[in-house]
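Trainee: Input structure: start.pdb, which contains PDB, C-alpha atoms, pLDDT in the B column.
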MODEL        1
ATOM      1  CA  ASP A   1      -1.559  -8.060  14.516  1.00 64.00           C
ATOM      2  CA  GLN A   2       1.167 -10.654  14.987  1.00 73.00           C
ATOM      3  CA  GLN A   3      -0.621 -13.868  15.916  1.00 91.00           C
ATOM      4  CA  VAL A   4       2.584 -15.884  16.227  1.00 95.00           C
ATOM      5  CA  LYS A   5       5.584 -14.358  17.932  1.00 95.00           C
ATOM      6  CA  GLN A   6       9.161 -15.413  18.392  1.00 96.00           C
ATOM      7  CA  ASN A   7      10.515 -12.822  20.764  1.00 92.00           C
ATOM      8  CA  SER A   8      14.161 -13.817  20.511  1.00 95.00           C
ATOM      9  CA  PRO A   9      15.644 -12.788  17.162  1.00 94.00           C
ATOM     10  CA  SER A  10      18.816 -14.703  17.903  1.00 96.00           C
ATOM     11  CA  LEU A  11      20.227 -17.382  20.183  1.00 97.00           C
ATOM     12  CA  SER A  12      23.760 -18.618  20.646  1.00 98.00           C
ATOM     13  CA  VAL A  13      24.454 -22.048  22.147  1.00 98.00           C
ATOM     14  CA  GLN A  14      27.556 -24.116  22.766  1.00 98.00           C
ATOM     15  CA  GLU A  15      27.887 -27.315  20.766  1.00 98.00           C
ATOM     16  CA  GLY A  16      26.609 -30.301  22.728  1.00 97.00           C
ATOM     17  CA  ARG A  17      24.332 -28.229  24.951  1.00 98.00           C
ATOM     18  CA  ILE A  18      20.575 -27.845  24.678  1.00 98.00           C
ATOM     19  CA  SER A  19      19.024 -25.215  22.417  1.00 98.00           C
ATOM     20  CA  ILE A  20      15.583 -23.970  23.407  1.00 98.00           C
ATOM     21  CA  LEU A  21      13.607 -21.874  20.964  1.00 98.00           C
ATOM     22  CA  ASN A  22      10.374 -20.285  22.093  1.00 98.00           C
ATOM     23  CA  CYS A  23       7.180 -19.257  20.370  1.00 98.00           C
ATOM     24  CA  ASP A  24       3.992 -17.619  21.616  1.00 97.00           C
ATOM     25  CA  TYR A  25       0.650 -17.383  19.890  1.00 97.00           C
ATOM     26  CA  THR A  26      -2.594 -15.540  20.492  1.00 94.00           C
ATOM     27  CA  ASN A  27      -5.233 -17.461  18.535  1.00 90.00           C
ATOM     28  CA  SER A  28      -6.651 -20.318  20.601  1.00 90.00           C
ATOM     29  CA  MET A  29      -8.220 -21.811  17.468  1.00 90.00           C
ATOM     30  CA  PHE A  30      -4.894 -22.899  15.987  1.00 93.00           C
ATOM     31  CA  ASP A  31      -5.018 -26.692  15.715  1.00 91.00           C
ATOM     32  CA  TYR A  32      -1.496 -27.567  14.662  1.00 93.00           C
ATOM     33  CA  PHE A  33       1.948 -26.157  15.232  1.00 95.00           C
ATOM     34  CA  LEU A  34       5.064 -26.677  13.166  1.00 94.00           C
ATOM     35  CA  TRP A  35       8.729 -25.817  13.316  1.00 96.00           C
ATOM     36  CA  TYR A  36      10.712 -25.086  10.173  1.00 95.00           C
ATOM     37  CA  LYS A  37      14.431 -24.594   9.696  1.00 95.00           C
ATOM     38  CA  LYS A  38      15.705 -22.182   7.081  1.00 92.00           C
ATOM     39  CA  TYR A  39      19.126 -21.573   5.584  1.00 90.00           C
ATOM     40  CA  PRO A  40      19.877 -18.359   3.660  1.00 84.00           C
ATOM     41  CA  ALA A  41      18.536 -18.287   0.107  1.00 80.00           C
ATOM     42  CA  GLU A  42      16.626 -21.522   0.662  1.00 86.00           C
ATOM     43  CA  GLY A  43      13.036 -22.322   1.475  1.00 88.00           C
ATOM     44  CA  PRO A  44      12.056 -23.518   4.946  1.00 91.00           C
ATOM     45  CA  THR A  45      12.471 -27.211   5.707  1.00 91.00           C
ATOM     46  CA  PHE A  46       9.932 -28.954   7.900  1.00 90.00           C
ATOM     47  CA  LEU A  47      11.370 -30.194  11.181  1.00 94.00           C
ATOM     48  CA  ILE A  48       8.690 -31.323  13.578  1.00 94.00           C
ATOM     49  CA  SER A  49       5.064 -30.644  14.404  1.00 93.00           C
ATOM     50  CA  ILE A  50       2.565 -31.082  17.181  1.00 95.00           C
ATOM     51  CA  SER A  51      -1.191 -31.308  17.292  1.00 94.00           C
ATOM     52  CA  SER A  52      -3.023 -28.997  19.652  1.00 94.00           C
ATOM     53  CA  ILE A  53      -4.364 -32.027  21.527  1.00 94.00           C
ATOM     54  CA  LYS A  54      -0.878 -33.097  22.577  1.00 95.00           C
ATOM     55  CA  ASP A  55       1.692 -31.506  24.816  1.00 96.00           C
ATOM     56  CA  LYS A  56       4.868 -33.149  23.575  1.00 97.00           C
ATOM     57  CA  ASN A  57       6.263 -34.655  20.412  1.00 96.00           C
ATOM     58  CA  GLU A  58       9.743 -36.049  20.057  1.00 97.00           C
ATOM     59  CA  ASP A  59      11.765 -36.928  16.974  1.00 96.00           C
ATOM     60  CA  GLY A  60      15.399 -37.780  17.543  1.00 97.00           C
ATOM     61  CA  ARG A  61      17.234 -34.750  18.866  1.00 98.00           C
ATOM     62  CA  PHE A  62      14.180 -32.541  18.430  1.00 98.00           C
ATOM     63  CA  THR A  63      11.332 -32.233  20.912  1.00 98.00           C
ATOM     64  CA  VAL A  64       8.453 -29.801  20.726  1.00 98.00           C
ATOM     65  CA  PHE A  65       6.469 -28.887  23.831  1.00 98.00           C
ATOM     66  CA  LEU A  66       3.071 -27.236  23.769  1.00 98.00           C
ATOM     67  CA  ASN A  67       1.509 -25.401  26.700  1.00 97.00           C
ATOM     68  CA  LYS A  68      -1.981 -24.531  25.557  1.00 96.00           C
ATOM     69  CA  SER A  69      -2.973 -22.658  28.686  1.00 95.00           C
ATOM     70  CA  ALA A  70      -0.011 -20.343  28.206  1.00 97.00           C
ATOM     71  CA  LYS A  71      -0.329 -20.352  24.412  1.00 96.00           C
ATOM     72  CA  HIS A  72       3.335 -21.189  24.240  1.00 97.00           C
ATOM     73  CA  LEU A  73       5.414 -23.753  22.433  1.00 97.00           C
ATOM     74  CA  SER A  74       9.086 -24.486  22.451  1.00 98.00           C
ATOM     75  CA  LEU A  75      11.552 -26.491  20.406  1.00 98.00           C
ATOM     76  CA  HIS A  76      14.337 -28.300  22.221  1.00 98.00           C
ATOM     77  CA  ILE A  77      17.396 -29.489  20.348  1.00 98.00           C
ATOM     78  CA  VAL A  78      19.742 -31.714  22.280  1.00 97.00           C
ATOM     79  CA  PRO A  79      22.586 -32.144  21.796  1.00 98.00           C
ATOM     80  CA  SER A  80      23.076 -29.094  19.593  1.00 98.00           C
ATOM     81  CA  GLN A  81      25.345 -29.522  16.580  1.00 97.00           C
ATOM     82  CA  PRO A  82      27.056 -26.944  14.333  1.00 96.00           C
ATOM     83  CA  GLY A  83      24.783 -28.014  11.456  1.00 95.00           C
ATOM     84  CA  ASP A  84      21.808 -26.837  13.487  1.00 97.00           C
ATOM     85  CA  SER A  85      22.867 -23.235  12.909  1.00 97.00           C
ATOM     86  CA  ALA A  86      20.019 -21.702  10.905  1.00 96.00           C
ATOM     87  CA  VAL A  87      16.914 -19.580  11.280  1.00 95.00           C
ATOM     88  CA  TYR A  88      14.027 -21.407  12.942  1.00 97.00           C
ATOM     89  CA  PHE A  89      10.443 -20.448  12.288  1.00 96.00           C
ATOM     90  CA  CYS A  90       7.483 -21.612  14.270  1.00 96.00           C
ATOM     91  CA  ALA A  91       4.183 -21.735  12.444  1.00 95.00           C
ATOM     92  CA  ALA A  92       0.611 -22.240  13.527  1.00 95.00           C
ATOM     93  CA  ARG A  93      -2.154 -23.665  11.418  1.00 92.00           C
ATOM     94  CA  GLY A  94      -5.716 -22.489  11.590  1.00 89.00           C
ATOM     95  CA  PHE A  95      -8.775 -21.498   9.637  1.00 85.00           C
ATOM     96  CA  ILE A  96      -8.446 -17.819   8.884  1.00 82.00           C
ATOM     97  CA  GLN A  97     -10.945 -15.992   6.725  1.00 78.00           C
ATOM     98  CA  GLY A  98     -12.469 -19.256   5.584  1.00 77.00           C
ATOM     99  CA  ALA A  99      -9.313 -21.098   4.591  1.00 79.00           C
ATOM    100  CA  GLN A 100      -6.693 -23.206   6.320  1.00 81.00           C
ATOM    101  CA  LYS A 101      -3.470 -21.249   6.539  1.00 87.00           C
ATOM    102  CA  LEU A 102      -0.104 -21.218   8.217  1.00 90.00           C
ATOM    103  CA  VAL A 103       0.900 -18.169  10.223  1.00 92.00           C
ATOM    104  CA  PHE A 104       4.626 -17.795  10.824  1.00 94.00           C
ATOM    105  CA  GLY A 105       6.610 -16.198  13.575  1.00 95.00           C
ATOM    106  CA  GLN A 106       9.456 -13.807  12.823  1.00 93.00           C
ATOM    107  CA  GLY A 107      12.102 -16.459  13.194  1.00 95.00           C
ATOM    108  CA  THR A 108      15.024 -17.006  15.588  1.00 97.00           C
ATOM    109  CA  ARG A 109      18.569 -17.233  14.304  1.00 96.00           C
ATOM    110  CA  LEU A 110      20.314 -20.069  16.118  1.00 98.00           C
ATOM    111  CA  THR A 111      24.081 -20.175  16.155  1.00 98.00           C
ATOM    112  CA  ILE A 112      25.858 -23.230  17.513  1.00 98.00           C
ATOM    113  CA  ASN A 113      29.392 -22.467  18.619  1.00 96.00           C
ATOM    114  CA  PRO A 114      32.049 -25.196  18.433  1.00 91.00           C
TER     115      PRO A 114
ATOM    116  CA  GLY B   1      10.228 -37.123   0.882  1.00 59.00           C
ATOM    117  CA  ALA B   2       8.051 -34.590  -0.876  1.00 64.00           C
ATOM    118  CA  VAL B   3       9.949 -32.095  -2.992  1.00 87.00           C
ATOM    119  CA  VAL B   4       8.868 -28.707  -4.242  1.00 93.00           C
ATOM    120  CA  SER B   5      10.929 -27.153  -6.988  1.00 94.00           C
ATOM    121  CA  GLN B   6      10.927 -23.425  -7.595  1.00 95.00           C
ATOM    122  CA  HIS B   7      12.457 -21.685 -10.581  1.00 95.00           C
ATOM    123  CA  PRO B   8      14.270 -19.390 -11.115  1.00 96.00           C
ATOM    124  CA  SER B   9      16.205 -19.043  -7.896  1.00 94.00           C
ATOM    125  CA  TRP B  10      17.387 -15.511  -8.665  1.00 95.00           C
ATOM    126  CA  VAL B  11      16.187 -12.815 -11.014  1.00 95.00           C
ATOM    127  CA  ILE B  12      17.566  -9.345 -11.665  1.00 96.00           C
ATOM    128  CA  CYS B  13      15.645  -7.210 -14.116  1.00 94.00           C
ATOM    129  CA  LYS B  14      14.756  -3.684 -15.046  1.00 95.00           C
ATOM    130  CA  SER B  15      11.808  -1.799 -13.669  1.00 96.00           C
ATOM    131  CA  GLY B  16       8.671  -2.390 -15.728  1.00 95.00           C
ATOM    132  CA  THR B  17       9.536  -5.976 -16.610  1.00 95.00           C
ATOM    133  CA  SER B  18       7.150  -8.831 -15.837  1.00 96.00           C
ATOM    134  CA  VAL B  19       8.675 -11.826 -14.104  1.00 97.00           C
ATOM    135  CA  LYS B  20       7.258 -15.336 -13.938  1.00 97.00           C
ATOM    136  CA  ILE B  21       8.159 -17.728 -11.130  1.00 97.00           C
ATOM    137  CA  GLU B  22       7.328 -21.425 -11.370  1.00 96.00           C
ATOM    138  CA  CYS B  23       6.548 -23.786  -8.533  1.00 95.00           C
ATOM    139  CA  ARG B  24       6.354 -27.524  -9.119  1.00 94.00           C
ATOM    140  CA  SER B  25       5.562 -30.419  -6.853  1.00 92.00           C
ATOM    141  CA  LEU B  26       7.919 -33.113  -8.094  1.00 90.00           C
ATOM    142  CA  ASP B  27       6.672 -36.320  -6.527  1.00 85.00           C
ATOM    143  CA  PHE B  28       3.172 -35.569  -5.382  1.00 85.00           C
ATOM    144  CA  GLN B  29       0.044 -33.825  -6.562  1.00 85.00           C
ATOM    145  CA  ALA B  30      -0.912 -30.544  -4.989  1.00 85.00           C
ATOM    146  CA  THR B  31      -4.392 -29.196  -5.464  1.00 81.00           C
ATOM    147  CA  THR B  32      -3.380 -26.242  -3.351  1.00 87.00           C
ATOM    148  CA  MET B  33      -0.156 -24.274  -3.402  1.00 92.00           C
ATOM    149  CA  PHE B  34       0.768 -21.224  -1.398  1.00 94.00           C
ATOM    150  CA  TRP B  35       2.823 -18.178  -2.311  1.00 96.00           C
ATOM    151  CA  TYR B  36       4.741 -16.305   0.385  1.00 96.00           C
ATOM    152  CA  ARG B  37       6.897 -13.240   0.435  1.00 95.00           C
ATOM    153  CA  GLN B  38       9.702 -12.599   2.870  1.00 91.00           C
ATOM    154  CA  PHE B  39      11.405  -9.280   3.531  1.00 86.00           C
ATOM    155  CA  PRO B  40      14.871  -9.319   5.109  1.00 82.00           C
ATOM    156  CA  LYS B  41      14.836 -10.511   8.704  1.00 79.00           C
ATOM    157  CA  GLN B  42      11.084 -10.777   8.713  1.00 84.00           C
ATOM    158  CA  SER B  43       8.535 -13.534   8.751  1.00 88.00           C
ATOM    159  CA  LEU B  44       7.045 -15.305   5.758  1.00 91.00           C
ATOM    160  CA  MET B  45       3.881 -13.490   4.775  1.00 93.00           C
ATOM    161  CA  LEU B  46       1.228 -15.394   2.873  1.00 94.00           C
ATOM    162  CA  MET B  47       0.348 -13.609  -0.344  1.00 95.00           C
ATOM    163  CA  ALA B  48      -2.157 -15.970  -1.902  1.00 94.00           C
ATOM    164  CA  THR B  49      -3.471 -19.486  -2.024  1.00 92.00           C
ATOM    165  CA  SER B  50      -3.373 -21.075  -5.449  1.00 88.00           C
ATOM    166  CA  ASN B  51      -6.100 -23.580  -6.243  1.00 83.00           C
ATOM    167  CA  GLU B  52      -5.835 -25.953  -9.186  1.00 82.00           C
ATOM    168  CA  GLY B  53      -8.468 -25.201 -11.786  1.00 81.00           C
ATOM    169  CA  SER B  54      -9.880 -22.140 -10.064  1.00 83.00           C
ATOM    170  CA  LYS B  55      -8.998 -18.602  -9.107  1.00 87.00           C
ATOM    171  CA  ALA B  56      -6.412 -17.893  -6.491  1.00 91.00           C
ATOM    172  CA  THR B  57      -7.396 -16.476  -3.134  1.00 91.00           C
ATOM    173  CA  TYR B  58      -5.415 -13.373  -2.258  1.00 94.00           C
ATOM    174  CA  GLU B  59      -4.626 -12.068   1.197  1.00 93.00           C
ATOM    175  CA  GLN B  60      -5.729  -8.643   2.223  1.00 90.00           C
ATOM    176  CA  GLY B  61      -3.513  -5.945   0.790  1.00 91.00           C
ATOM    177  CA  VAL B  62      -2.089  -8.073  -2.039  1.00 94.00           C
ATOM    178  CA  GLU B  63      -2.860  -6.700  -5.496  1.00 94.00           C
ATOM    179  CA  LYS B  64      -4.420  -9.354  -7.717  1.00 93.00           C
ATOM    180  CA  ASP B  65      -3.499  -7.539 -10.907  1.00 94.00           C
ATOM    181  CA  LYS B  66       0.075  -7.123  -9.769  1.00 96.00           C
ATOM    182  CA  PHE B  67       0.675 -10.700  -8.712  1.00 96.00           C
ATOM    183  CA  LEU B  68      -0.970 -13.019 -11.214  1.00 95.00           C
ATOM    184  CA  ILE B  69      -1.298 -16.631 -10.149  1.00 94.00           C
ATOM    185  CA  ASN B  70      -2.052 -19.549 -12.407  1.00 91.00           C
ATOM    186  CA  HIS B  71      -2.474 -23.120 -11.192  1.00 89.00           C
ATOM    187  CA  ALA B  72      -3.030 -24.994 -14.428  1.00 82.00           C
ATOM    188  CA  SER B  73      -2.170 -28.502 -13.270  1.00 88.00           C
ATOM    189  CA  LEU B  74      -1.872 -30.542 -10.095  1.00 88.00           C
ATOM    190  CA  THR B  75       1.887 -30.095 -10.098  1.00 91.00           C
ATOM    191  CA  LEU B  76       2.459 -26.558 -11.326  1.00 92.00           C
ATOM    192  CA  SER B  77       1.601 -23.097 -10.088  1.00 93.00           C
ATOM    193  CA  THR B  78       3.070 -19.872 -11.452  1.00 95.00           C
ATOM    194  CA  LEU B  79       3.353 -16.407  -9.974  1.00 96.00           C
ATOM    195  CA  THR B  80       3.829 -13.517 -12.388  1.00 97.00           C
ATOM    196  CA  VAL B  81       4.920 -10.184 -10.984  1.00 97.00           C
ATOM    197  CA  THR B  82       3.619  -7.771 -13.587  1.00 96.00           C
ATOM    198  CA  SER B  83       5.385  -4.503 -14.381  1.00 95.00           C
ATOM    199  CA  ALA B  84       7.735  -5.022 -11.476  1.00 95.00           C
ATOM    200  CA  HIS B  85       9.162  -2.049  -9.611  1.00 95.00           C
ATOM    201  CA  PRO B  86      11.950  -1.778  -7.023  1.00 94.00           C
ATOM    202  CA  GLU B  87       9.465  -2.081  -4.156  1.00 94.00           C
ATOM    203  CA  ASP B  88       8.578  -5.558  -5.456  1.00 95.00           C
ATOM    204  CA  SER B  89      12.118  -6.717  -4.782  1.00 95.00           C
ATOM    205  CA  SER B  90      11.866  -9.506  -2.251  1.00 94.00           C
ATOM    206  CA  PHE B  91      12.250 -13.216  -1.614  1.00 94.00           C
ATOM    207  CA  TYR B  92       9.271 -15.160  -2.937  1.00 96.00           C
ATOM    208  CA  ILE B  93       8.633 -18.706  -1.737  1.00 95.00           C
ATOM    209  CA  CYS B  94       6.028 -21.238  -2.786  1.00 96.00           C
ATOM    210  CA  SER B  95       4.827 -24.233  -0.865  1.00 94.00           C
ATOM    211  CA  ALA B  96       2.518 -27.170  -1.327  1.00 91.00           C
ATOM    212  CA  ARG B  97       0.965 -29.806   0.846  1.00 79.00           C
ATOM    213  CA  ASP B  98       0.863 -33.463  -0.120  1.00 73.00           C
ATOM    214  CA  LEU B  99      -2.721 -34.499   0.331  1.00 64.00           C
ATOM    215  CA  GLY B 100      -2.152 -37.951  -1.098  1.00 57.00           C
ATOM    216  CA  VAL B 101      -0.892 -39.443   2.135  1.00 51.00           C
ATOM    217  CA  GLY B 102      -3.358 -39.714   4.974  1.00 46.00           C
ATOM    218  CA  GLY B 103      -5.563 -36.919   3.747  1.00 42.00           C
ATOM    219  CA  ALA B 104      -5.348 -33.260   4.678  1.00 44.00           C
ATOM    220  CA  GLY B 105      -4.984 -33.890   8.364  1.00 48.00           C
ATOM    221  CA  ASP B 106      -1.435 -33.539   9.500  1.00 60.00           C
ATOM    222  CA  GLN B 107       0.646 -33.239   6.390  1.00 68.00           C
ATOM    223  CA  PRO B 108       3.083 -30.356   6.618  1.00 76.00           C
ATOM    224  CA  GLN B 109       3.604 -27.861   3.860  1.00 84.00           C
ATOM    225  CA  HIS B 110       6.780 -28.376   1.860  1.00 88.00           C
ATOM    226  CA  PHE B 111       8.579 -25.347   0.546  1.00 92.00           C
ATOM    227  CA  GLY B 112      10.530 -24.543  -2.556  1.00 94.00           C
ATOM    228  CA  ASP B 113      13.941 -22.929  -2.266  1.00 93.00           C
ATOM    229  CA  GLY B 114      12.572 -19.496  -3.039  1.00 94.00           C
ATOM    230  CA  THR B 115      13.225 -16.868  -5.710  1.00 96.00           C
ATOM    231  CA  ARG B 116      15.218 -13.761  -4.959  1.00 95.00           C
ATOM    232  CA  LEU B 117      13.771 -10.988  -7.124  1.00 96.00           C
ATOM    233  CA  SER B 118      15.764  -7.795  -7.556  1.00 95.00           C
ATOM    234  CA  ILE B 119      14.261  -4.976  -9.585  1.00 95.00           C
ATOM    235  CA  LEU B 120      16.664  -2.260 -10.695  1.00 93.00           C
TER     236      LEU B 120
ENDMDL
END
Before anything else, please render the file you have as structure tokens.
Mentor:
Amino acid sequence: DQQVKQNSPSLSVQEGRISILNCDYTNSMFDYFLWYKKYPAEGPTFLISISSIKDKNEDGRFTVFLNKSAKHLSLHIVPSQPGDSAVYFCAARGFIQGAQKLVFGQGTRLTINP
Amino acid sequence: GAVVSQHPSWVICKSGTSVKIECRSLDFQATTMFWYRQFPKQSLMLMATSNEGSKATYEQGVEKDKFLINHASLTLSTLTVTSAHPEDSSFYICSARDLGVGGAGDQPQHFGDGTRLSIL
């Protein structure tokens, strides 16, 4: 049962344009959502997060939008830069089986073309 | 910012060998650390939650006797893959959350760089 889903395994965007990565979740009890960026053979790096009581959080080029009614969040990167090429994971935090845990999506590989 | 160091980054060993992976929080104390496993092109799957001074909590389907976790101090957790076999080959990643700043509320988990384990 995949509680967090990233339905696009890959995305290719032109440098300077906007990159939009999407994530859907099924558990309405998740209270926090995070986006991580991952390069090969490295651990994920935290990018940006959003509380379930908000609908938008912005940090520089990165903005996360949360639509609770649709159980959907998205990460916008604008303008996209070649260094943004990586795998992006969305994660949701919730109490599962008595403990606070992060549940990750499958990841989306973003490629920024010069 | 918070840094989590994981060692070794890459291990190749023979079937039947036990392998220990260390995870350290370098500039903060972590009462709780997490161990994940990632198969190629798949998501990070939580294996267990490591609690300082007490037993680890394992996720369903993860063998406790196979994956031994020790969290002896506030900055160190170890994962030992005992009698490793080729099916244990994977990318193992630890993470920790800095509870020292603002409490448990909104602090993100910070991840180590992972350990690529290859069992021949």
Trainee: Nearest to chain A: which of B:Ser95, B:Ser25, B:Thr80, B:Thr31 is it, counting all atoms listed in the file?
Mentor: B:Ser95
Trainee: Can I get the residues of chain B within 6 Å of chain A, each with the closest pair of atoms and their distance in Å to one decimal, using all atoms listed in the file, sorted chain first then ascending number, as CSV?
Mentor:
residue,atom,partner,partner_atom,distance
B:Gln42,CA,A:Gln106,CA,5.4
B:Ser43,CA,A:Gln106,CA,4.2
B:Phe111,CA,A:Gly43,CA,5.5
B:Gly112,CA,A:Gly43,CA,5.2
B:Asp113,CA,A:Gly43,CA,3.9
B:Gly114,CA,A:Gly43,CA,5.3
Trainee: Would you mind exporting C-alpha atoms of the selected residues as a CSV table (one decimal), keeping the file's coordinate frame?
Mentor:
chain,number,residue,atom,x,y,z
B,42,GLN,CA,11.1,-10.8,8.7
B,43,SER,CA,8.5,-13.5,8.8
B,111,PHE,CA,8.6,-25.3,0.5
B,112,GLY,CA,10.5,-24.5,-2.6
B,113,ASP,CA,13.9,-22.9,-2.3
B,114,GLY,CA,12.6,-19.5,-3.0
Trainee: Do you know which residues lie at most 7 Å from (-4.7, -19.1, 13.4), with coordinates as in the file and only C-alpha atoms counted, and could you write them as a list in words?
Mentor: Asn27, Met29, Phe30, Ala92, Arg93, Gly94, Phe95, Ile96 and Val103 of chain A
Trainee: Quick one: distance from CA of Pro86 in chain B to CA of Thr57 in chain B in Å, one decimal?
Mentor: 24.6 Å
Trainee: Of the candidates B:Glu59, B:Asp98, B:Glu87, B:Asp65, which one gets nearest to Met33 in chain B if we count all atoms listed in the file?
Mentor: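 Among B:Glu59, B:Asp98, B:Glu87, B:Asp65, it is B:Asp98 that comes nearest to Met33 in chain B.
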Trainee: Quick one: everything within 7 Å of Thr49 in chain B, counting only C-alpha atoms, minus sequence neighbours fewer than 3 positions away in the same chain. Send it as a ChimeraX atom specification.
Mentor: /B:32-35,56-58
Trainee: Ranking A:Asn57, A:Gln81, A:Ser10, A:Gln3 by minimum distance to Lys41 in chain B and counting all atoms listed in the file, which one comes first?
Mentor: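 Smallest distance to Lys41 in chain B is found for A:Ser10.
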Trainee: Please measure the separation of CA of His76 in chain A and CA of Pro114 in chain A, giving the value in Å to one decimal.
Mentor: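 Spanning CA of His76 in chain A to CA of Pro114 in chain A is a straight-line distance of 18.4 Å.
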Trainee: Grab the CA of Val81 in chain B to CA of Arg24 in chain B distance for me, in Å with one decimal place.
Mentor: 17.5 Å
